[in-house]
$ cat model04.txt   # compact mmCIF, C-alpha atoms and all ligand atoms
# COMPACT_ATOMS: atom_id res chain seq x y z
CA MET T 1 10.27 14.03 12.30
CA SER T 2 11.24 10.62 13.62
CA SER T 3 13.75 8.70 11.58
CA LEU T 4 13.27 5.30 10.01
CA ALA T 5 16.76 4.17 10.89
CA LYS T 6 18.12 5.19 14.27
CA ASP T 7 21.77 6.37 14.40
CA ASP T 8 22.04 6.05 10.64
CA THR T 9 21.97 2.27 10.83
CA ALA T 10 19.15 0.26 9.38
CA PRO T 11 17.15 -1.62 12.02
CA PRO T 12 17.67 -5.38 11.93
CA ALA T 13 14.73 -7.09 10.29
CA GLN T 14 13.22 -9.88 12.34
CA GLN T 15 13.13 -13.34 10.86
CA ARG T 16 9.67 -13.65 9.38
CA LEU T 17 7.76 -16.56 10.87
CA PRO T 18 6.33 -19.18 8.54
CA GLY T 19 2.75 -18.30 7.66
CA ALA T 20 3.32 -14.56 8.10
CA PRO T 21 2.23 -12.30 5.25
CA VAL T 22 4.70 -11.30 2.55
CA HIS T 23 2.63 -8.45 1.15
CA VAL T 24 0.23 -6.27 3.13
CA GLY T 25 -2.02 -3.61 1.60
CA VAL T 26 -3.37 -0.76 3.70
CA ILE T 27 -6.41 1.44 3.07
CA MET T 28 -5.56 4.40 5.29
CA ASP T 29 -9.10 5.58 5.99
CA GLY T 30 -10.57 7.96 8.54
CA ASN T 31 -8.20 10.95 8.52
CA GLY T 32 -11.08 13.38 8.05
CA ARG T 33 -13.20 11.87 10.82
CA TRP T 34 -10.19 11.77 13.16
CA ALA T 35 -9.75 15.52 12.60
CA ALA T 36 -13.47 16.35 12.80
CA ARG T 37 -13.77 14.58 16.14
CA ARG T 38 -11.10 16.92 17.49
CA GLY T 39 -12.49 20.05 15.86
CA LEU T 40 -9.43 20.23 13.58
CA PRO T 41 -9.26 20.89 9.83
CA ARG T 42 -9.20 17.76 7.65
CA ILE T 43 -5.61 18.49 6.57
CA GLU T 44 -4.52 17.95 10.17
CA GLY T 45 -5.96 14.43 9.95
CA HIS T 46 -3.98 13.80 6.77
CA ARG T 47 -0.81 15.20 8.41
CA ARG T 48 -1.24 12.83 11.31
CA GLY T 49 -1.93 10.15 8.75
CA VAL T 50 1.56 10.64 7.34
CA GLU T 51 2.97 10.08 10.87
CA ALA T 52 1.01 6.83 11.09
CA LEU T 53 2.37 5.85 7.68
CA ARG T 54 5.96 6.42 8.91
CA GLU T 55 5.35 4.26 11.96
CA THR T 56 3.78 1.56 9.79
CA VAL T 57 6.80 1.49 7.46
CA ARG T 58 9.09 1.11 10.49
CA ALA T 59 6.90 -1.70 11.88
CA ALA T 60 6.83 -3.43 8.48
CA ILE T 61 10.64 -3.35 8.31
CA GLU T 62 10.95 -4.64 11.85
CA PHE T 63 8.47 -7.42 11.10
CA GLY T 64 10.38 -8.44 7.99
CA LEU T 65 7.56 -7.76 5.53
CA ASP T 66 8.63 -7.79 1.87
CA TYR T 67 5.91 -5.56 0.37
CA LEU T 68 3.70 -2.86 1.87
CA THR T 69 1.17 -1.15 -0.41
CA VAL T 70 -0.55 1.99 0.85
CA TYR T 71 -3.53 3.70 -0.75
CA GLY T 72 -2.46 7.35 -0.80
CA PHE T 73 -4.82 8.89 -3.34
CA SER T 74 -7.52 7.20 -5.38
CA MET T 75 -8.65 8.34 -8.83
CA GLU T 76 -11.99 9.10 -7.18
CA ASN T 77 -10.26 11.42 -4.68
CA TRP T 78 -10.14 14.10 -7.43
CA ASN T 79 -13.82 14.64 -6.54
CA ARG T 80 -12.80 16.19 -3.20
CA PRO T 81 -12.73 19.98 -2.77
CA VAL T 82 -9.80 21.51 -4.69
CA GLU T 83 -8.16 22.72 -1.46
CA GLU T 84 -8.10 19.20 -0.03
CA VAL T 85 -6.72 17.75 -3.28
CA ALA T 86 -3.98 20.41 -3.17
CA ASP T 87 -3.27 19.54 0.48
CA LEU T 88 -2.93 15.84 -0.34
CA MET T 89 -0.60 16.59 -3.27
CA GLY T 90 1.44 18.83 -0.96
CA LEU T 91 1.67 16.10 1.67
CA LEU T 92 2.90 13.58 -0.88
CA LYS T 93 5.58 16.03 -2.03
CA ARG T 94 6.65 16.74 1.55
CA PHE T 95 6.65 13.04 2.41
CA ILE T 96 9.00 12.28 -0.46
CA ARG T 97 11.23 15.31 0.10
CA ASN T 98 11.50 14.76 3.86
CA ASP T 99 11.53 11.00 4.08
CA LEU T 100 13.23 9.76 0.93
CA ASN T 101 16.68 9.85 2.49
CA GLU T 102 15.55 7.88 5.54
CA LEU T 103 13.61 5.41 3.43
CA HIS T 104 16.70 4.88 1.29
CA LYS T 105 18.97 4.44 4.31
CA GLY T 106 16.47 2.00 5.79
CA GLY T 107 16.75 -0.17 2.66
CA VAL T 108 13.26 0.68 1.39
CA LYS T 109 12.55 0.47 -2.32
CA VAL T 110 9.79 2.89 -3.34
CA LYS T 111 7.42 2.03 -6.17
CA VAL T 112 4.46 4.12 -7.20
CA ILE T 113 1.41 2.62 -8.91
CA GLY T 114 -1.37 4.58 -10.60
CA ALA T 115 -1.69 6.97 -13.51
CA ARG T 116 1.04 9.60 -13.94
CA ASP T 117 -0.21 11.48 -17.03
CA ASN T 118 -2.55 13.87 -15.21
CA LEU T 119 -0.20 14.62 -12.32
CA LYS T 120 1.73 17.89 -12.25
CA PRO T 121 5.27 17.65 -13.66
CA ASP T 122 6.92 18.41 -10.29
CA ILE T 123 5.04 15.53 -8.65
CA ARG T 124 5.84 13.20 -11.53
CA ALA T 125 9.51 14.12 -11.24
CA LEU T 126 9.52 13.48 -7.47
CA LEU T 127 7.87 10.09 -7.88
CA GLU T 128 10.44 9.12 -10.50
CA GLU T 129 13.28 10.36 -8.31
CA ALA T 130 12.02 8.28 -5.35
CA GLU T 131 11.82 5.19 -7.54
CA ASN T 132 15.18 5.72 -9.21
CA ILE T 133 17.14 6.43 -6.02
CA THR T 134 15.77 3.40 -4.18
CA VAL T 135 15.56 0.92 -7.06
CA ARG T 136 18.31 -1.36 -5.73
CA ASN T 137 17.03 -1.56 -2.15
CA THR T 138 15.80 -4.93 -0.99
CA ARG T 139 14.66 -4.73 2.64
CA LEU T 140 11.06 -3.62 2.03
CA THR T 141 9.23 -2.51 -1.10
CA LEU T 142 6.89 0.37 -0.26
CA ILE T 143 4.29 0.60 -2.99
CA VAL T 144 2.43 3.90 -2.95
CA ALA T 145 -0.88 3.73 -4.80
CA PHE T 146 -1.30 7.34 -5.88
CA ASN T 147 -3.82 8.51 -8.46
CA TYR T 148 -4.66 4.82 -8.51
CA GLY T 149 -7.83 2.93 -9.34
CA GLY T 150 -8.09 -0.84 -9.59
CA ARG T 151 -10.71 -0.85 -12.34
CA GLN T 152 -8.75 1.72 -14.35
CA GLU T 153 -5.61 -0.40 -13.93
CA ILE T 154 -7.47 -3.48 -15.24
CA ALA T 155 -8.91 -1.50 -18.17
CA ALA T 156 -5.41 -0.19 -19.03
CA ALA T 157 -4.04 -3.75 -19.00
CA ALA T 158 -6.88 -4.86 -21.30
CA ARG T 159 -6.08 -1.96 -23.66
CA ALA T 160 -2.38 -2.83 -23.71
CA LEU T 161 -3.14 -6.48 -24.45
CA ALA T 162 -5.61 -5.57 -27.21
CA GLN T 163 -2.90 -3.40 -28.80
CA GLU T 164 -0.42 -6.27 -28.63
CA VAL T 165 -2.95 -8.56 -30.31
CA ALA T 166 -3.76 -5.94 -32.96
CA ALA T 167 -0.05 -5.49 -33.66
CA GLY T 168 0.31 -9.25 -34.06
CA HIS T 169 2.73 -9.59 -31.13
CA ILE T 170 0.56 -12.09 -29.26
CA GLU T 171 -2.42 -14.34 -29.99
CA VAL T 172 -5.77 -13.94 -28.21
CA THR T 173 -5.28 -17.49 -26.91
CA ASP T 174 -1.99 -16.43 -25.24
CA ILE T 175 -3.90 -14.30 -22.76
CA ASP T 176 -4.24 -16.00 -19.40
CA GLU T 177 -4.14 -14.82 -15.77
CA ALA T 178 -0.35 -14.70 -15.65
CA VAL T 179 -0.07 -12.71 -18.90
CA PHE T 180 -2.80 -10.33 -17.72
CA ALA T 181 -1.09 -9.82 -14.34
CA ARG T 182 2.15 -8.88 -16.12
CA HIS T 183 0.31 -5.95 -17.71
CA LEU T 184 -0.85 -4.50 -14.39
CA ASP T 185 1.08 -1.78 -12.51
CA THR T 186 1.95 -4.47 -9.97
CA ALA T 187 3.70 -6.75 -12.49
CA GLY T 188 6.26 -8.86 -10.67
CA ILE T 189 4.84 -8.10 -7.22
CA PRO T 190 3.12 -10.97 -5.38
CA ASP T 191 -0.56 -10.50 -4.59
CA PRO T 192 -1.34 -9.05 -1.15
CA ASP T 193 -1.88 -11.70 1.52
CA LEU T 194 -3.62 -9.25 3.80
CA ILE T 195 -5.48 -5.98 3.35
CA ILE T 196 -6.02 -3.77 6.38
CA ARG T 197 -8.63 -1.01 6.35
CA THR T 198 -9.08 1.42 9.20
CA SER T 199 -12.08 3.56 10.22
CA GLY T 200 -14.67 0.78 10.36
CA GLU T 201 -15.62 0.83 6.66
CA GLN T 202 -15.68 -2.65 5.13
CA ARG T 203 -15.10 -2.22 1.41
CA LEU T 204 -12.28 -2.29 -1.13
CA SER T 205 -12.93 1.14 -2.72
CA ASN T 206 -11.21 0.26 -6.01
CA PHE T 207 -7.96 -0.79 -4.27
CA LEU T 208 -6.01 -3.70 -5.84
CA MET T 209 -9.20 -5.16 -7.36
CA TRP T 210 -7.43 -7.88 -9.34
CA GLN T 211 -4.68 -8.56 -6.83
CA ALA T 212 -6.97 -8.91 -3.80
CA ALA T 213 -8.73 -12.02 -5.14
CA TYR T 214 -7.48 -14.22 -2.27
CA ALA T 215 -6.42 -11.60 0.26
CA GLU T 216 -7.51 -11.82 3.86
CA PHE T 217 -9.13 -8.66 5.22
CA VAL T 218 -8.72 -7.05 8.59
CA PHE T 219 -11.09 -4.16 9.27
CA LEU T 220 -10.24 -1.99 12.25
CA PRO T 221 -12.55 0.52 13.95
CA MET T 222 -9.71 3.01 14.65
CA HIS T 223 -9.10 5.94 12.32
CA TRP T 224 -5.85 5.89 10.35
CA PRO T 225 -3.99 8.56 12.40
CA ASP T 226 -4.36 6.26 15.46
CA PHE T 227 -2.83 3.28 13.66
CA ASP T 228 0.55 2.37 15.14
CA ARG T 229 3.11 -0.43 15.58
CA GLN T 230 0.89 -2.20 18.08
CA ALA T 231 -2.08 -2.13 15.70
CA PHE T 232 0.15 -3.40 12.88
CA LEU T 233 1.39 -6.33 14.98
CA ALA T 234 -2.17 -7.10 16.12
CA ALA T 235 -3.25 -7.25 12.46
CA MET T 236 -0.34 -9.63 11.73
CA ALA T 237 -1.50 -11.84 14.61
CA GLU T 238 -5.09 -11.75 13.32
CA PHE T 239 -3.84 -12.80 9.88
CA SER T 240 -1.86 -15.63 11.40
CA ALA T 241 -4.98 -17.06 12.98
CA ARG T 242 -6.74 -17.34 9.61
CA GLU T 243 -6.58 -20.47 7.54
CA ARG T 244 -6.21 -19.65 3.87
CA ARG T 245 -7.72 -22.24 1.57
CA PHE T 246 -7.42 -20.62 -1.89
CA GLY T 247 -10.54 -22.54 -2.94
CA GLY T 248 -9.10 -25.80 -1.54
CA VAL T 249 -10.05 -27.78 1.55
CA PRO T 250 -9.17 -27.24 5.24
CA GLY T 251 -5.57 -28.19 6.12
CA GLN T 252 -4.42 -28.33 2.50
CA TYR T 253 -2.06 -25.39 2.79
CA GLY T 254 -0.41 -26.50 6.03
CA LYS T 255 -0.26 -24.90 9.41
CA THR T 256 -1.06 -21.31 10.13
CA LEU T 257 1.43 -19.11 11.94
CA ALA T 258 -0.79 -19.50 15.03
CA ASP T 259 -0.33 -23.30 14.87
CA VAL T 260 3.43 -22.86 14.61
CA VAL T 261 3.50 -20.49 17.59
CA LYS T 262 1.32 -22.89 19.64
CA THR T 263 3.44 -26.01 19.02
C1 LIG T 301 -8.70 8.62 3.79
O1 LIG T 301 -9.20 9.41 4.84
C2 LIG T 301 -7.37 9.00 3.45
C3 LIG T 301 -6.97 9.54 2.27
C4 LIG T 301 -7.90 9.82 1.17
C5 LIG T 301 -5.60 9.89 2.00
C6 LIG T 301 -4.57 9.12 2.77
C7 LIG T 301 -3.40 9.99 2.81
C8 LIG T 301 -2.47 10.02 3.79
C9 LIG T 301 -2.40 9.08 4.91
C10 LIG T 301 -1.42 11.05 3.77
C11 LIG T 301 -0.73 11.32 2.47
C12 LIG T 301 -0.34 10.14 1.67
C13 LIG T 301 0.91 9.85 1.28
C14 LIG T 301 1.12 8.68 0.39
C15 LIG T 301 2.08 10.60 1.72
P1 LIG T 301 -10.47 10.30 4.55
O2 LIG T 301 -10.01 11.67 4.22
O3 LIG T 301 -11.31 9.66 3.50
O4 LIG T 301 -11.17 10.27 5.94
P2 LIG T 301 -12.74 10.33 6.19
O5 LIG T 301 -13.33 9.14 5.49
O6 LIG T 301 -12.84 10.23 7.68
O7 LIG T 301 -13.22 11.64 5.64
$ encode --input "model04.txt" --output "structure tokens"
Amino acid sequence: MSSLAKDDTAPPAQQRLPGAPVHVGVIMDGNGRWAARRGLPRIEGHRRGVEALRETVRAAIEFGLDYLTVYGFSMENWNRPVEEVADLMGLLKRFIRNDLNELHKGGVKVKVIGARDNLKPDIRALLEEAENITVRNTRLTLIVAFNYGGRQEIAAAARALAQEVAAGHIEVTDIDEAVFARHLDTAGIPDPDLIIRTSGEQRLSNFLMWQAAYAEFVFLPMHWPDFDRQAFLAAMAEFSARERRFGGVPGQYGKTLADVVKT
């Protein structure tokens, strides 16, 4: 296994250029097709997917990204064959057991979003351990969306708010976007600026439904196991060439990173 921090020292983060993304979300798609193309079992694709995830975390640190959210297991993924679900659970456990130390040394704070109640107790305990050990780290926040669904997250927030209203803690008129966002799993985390999806599919698949309202999207034809540092940097460059208007008019939000690099 390659380490996140060579020689036990954390890699120096680059100065992030103005206009670069703060938060990137990644839909790590295509593990199964990557494996099938090589005549390998699907689990091999997922294993190689974990390697690609490691390289992406390293690239994100080097780039100076603040938040990286990866879609590890959706609530809909329970519909996969039981063996594959077990393999994915096993990979998550191994990822945390093997990589937690390196993530911690590299200054990575781990946060897990998604439902915990129907996960096995050993997985729940590992997720909590990863969060607790790394809670004070500040270099990069790695948000693992596991047993996560955007619609379910929004419904849970609505339920929590309804309970607060019913209990008389808040008024219906107090509920606005900011209050709602504070009831999501991502409370306190800025919305993703960019969402990358591999494998050529062009959809959100219930990933960060609320938070992605103004995200830019980069869809890549490569399957996730082939994603690497170069692909990450190319996606950052693609983002930098976009002009984000947030419903405003051209030029309103200043220069893009591409403009800054050009001048
Ligand atoms: C999509 O590929 C990928 C997943 C459903 C799981 C992603 C998981 C990993 C990269 C490894 C484990 C995760 C963590 C957080 C350690 P697919 O299986 O849908 O591929 P296909 O569409 O080609 O079948």
$ residues_near_ligand --input "model04.txt" --ligand "ligand LIG 301 (chain T)" --cutoff "7 Å" --atoms "only C-alpha atoms and all ligand atoms" --output "PDB file with C-alpha atoms, keeping the file's coordinate frame"
ATOM      1  CA  MET T  28      -5.560   4.400   5.290  1.00  0.00           C
ATOM      2  CA  ASP T  29      -9.100   5.580   5.990  1.00  0.00           C
ATOM      3  CA  GLY T  30     -10.570   7.960   8.540  1.00  0.00           C
ATOM      4  CA  ASN T  31      -8.200  10.950   8.520  1.00  0.00           C
ATOM      5  CA  GLY T  32     -11.080  13.380   8.050  1.00  0.00           C
ATOM      6  CA  ARG T  33     -13.200  11.870  10.820  1.00  0.00           C
ATOM      7  CA  TRP T  34     -10.190  11.770  13.160  1.00  0.00           C
ATOM      8  CA  HIS T  46      -3.980  13.800   6.770  1.00  0.00           C
ATOM      9  CA  ARG T  47      -0.810  15.200   8.410  1.00  0.00           C
ATOM     10  CA  GLY T  49      -1.930  10.150   8.750  1.00  0.00           C
ATOM     11  CA  VAL T  50       1.560  10.640   7.340  1.00  0.00           C
ATOM     12  CA  LEU T  53       2.370   5.850   7.680  1.00  0.00           C
ATOM     13  CA  VAL T  70      -0.550   1.990   0.850  1.00  0.00           C
ATOM     14  CA  TYR T  71      -3.530   3.700  -0.750  1.00  0.00           C
ATOM     15  CA  GLY T  72      -2.460   7.350  -0.800  1.00  0.00           C
ATOM     16  CA  PHE T  73      -4.820   8.890  -3.340  1.00  0.00           C
ATOM     17  CA  ASN T  77     -10.260  11.420  -4.680  1.00  0.00           C
ATOM     18  CA  LEU T  88      -2.930  15.840  -0.340  1.00  0.00           C
ATOM     19  CA  LEU T  91       1.670  16.100   1.670  1.00  0.00           C
ATOM     20  CA  LEU T  92       2.900  13.580  -0.880  1.00  0.00           C
ATOM     21  CA  PHE T  95       6.650  13.040   2.410  1.00  0.00           C
ATOM     22  CA  VAL T 144       2.430   3.900  -2.950  1.00  0.00           C
ATOM     23  CA  PHE T 146      -1.300   7.340  -5.880  1.00  0.00           C
TER      24      PHE T 146
END
$ closest_residue --input "model04.txt" --among "T:Ala125, T:Ala237, T:Val110, T:Leu142" --to "T:Val57" --atoms "only C-alpha atoms"
T:Leu142
$ residues_around --input "model04.txt" --residues "stretch 234-236 of chain T" --least-positions-apart "3" --cutoff "12 Å" --atoms "all atoms listed in the file" --output "PyMOL selection string"
chain T and resi 16-17+19-26+56+59-60+63-65+193-198+216-220+227-231+239-242+256-258
$ closest_residue --input "model04.txt" --among "T:Thr69, T:Asn79, T:Asn206, T:Asn101" --to "T:Ile154" --atoms "all atoms listed in the file"
T:Asn206
$ atom_distance --input "model04.txt" --atom1 "atom CA of T:Leu184" --atom2 "atom CA of T:Met89"
23.8 Å
$ residues_around --input "model04.txt" --residues "T:Arg124" --least-positions-apart "5" --cutoff "12 Å" --atoms "only C-alpha atoms" --output "PyMOL selection string"
chain T and resi 89+92-93+96+112-119+129-131+146-147
$ atom_distance --input "model04.txt" --atom1 "atom CA of T:Pro190" --atom2 "atom CA of T:Gln211"
8.3 Å
$ atom_distance --input "model04.txt" --atom1 "atom CA of T:Lys109" --atom2 "atom CA of T:Ile27"
19.7 Å
$ axis_aligned_box --input "model04.txt" --around "stretch 129-136 of chain T" --padding-each-side "6 Å" --output "JSON"
{"center_x": 15.1, "center_y": 4.5, "center_z": -6.7, "size_x": 18.5, "size_y": 23.7, "size_z": 17.0}
$ closest_residue --input "model04.txt" --among "T:Gly200, T:Thr134, T:Glu153, T:Gly168" --to "T:Met222" --atoms "all atoms listed in the file"
T:Gly200
$ closest_residue --input "model04.txt" --among "T:Ala187, T:Val108, T:Ala36, T:Val135" --to "T:Arg54" --atoms "all atoms listed in the file"
T:Val108
$ closest_residue --input "model04.txt" --among "T:Gln152, T:Ser74, T:Asn132, T:Thr173" --to "T:Asp185" --atoms "only C-alpha atoms"
T:Gln152
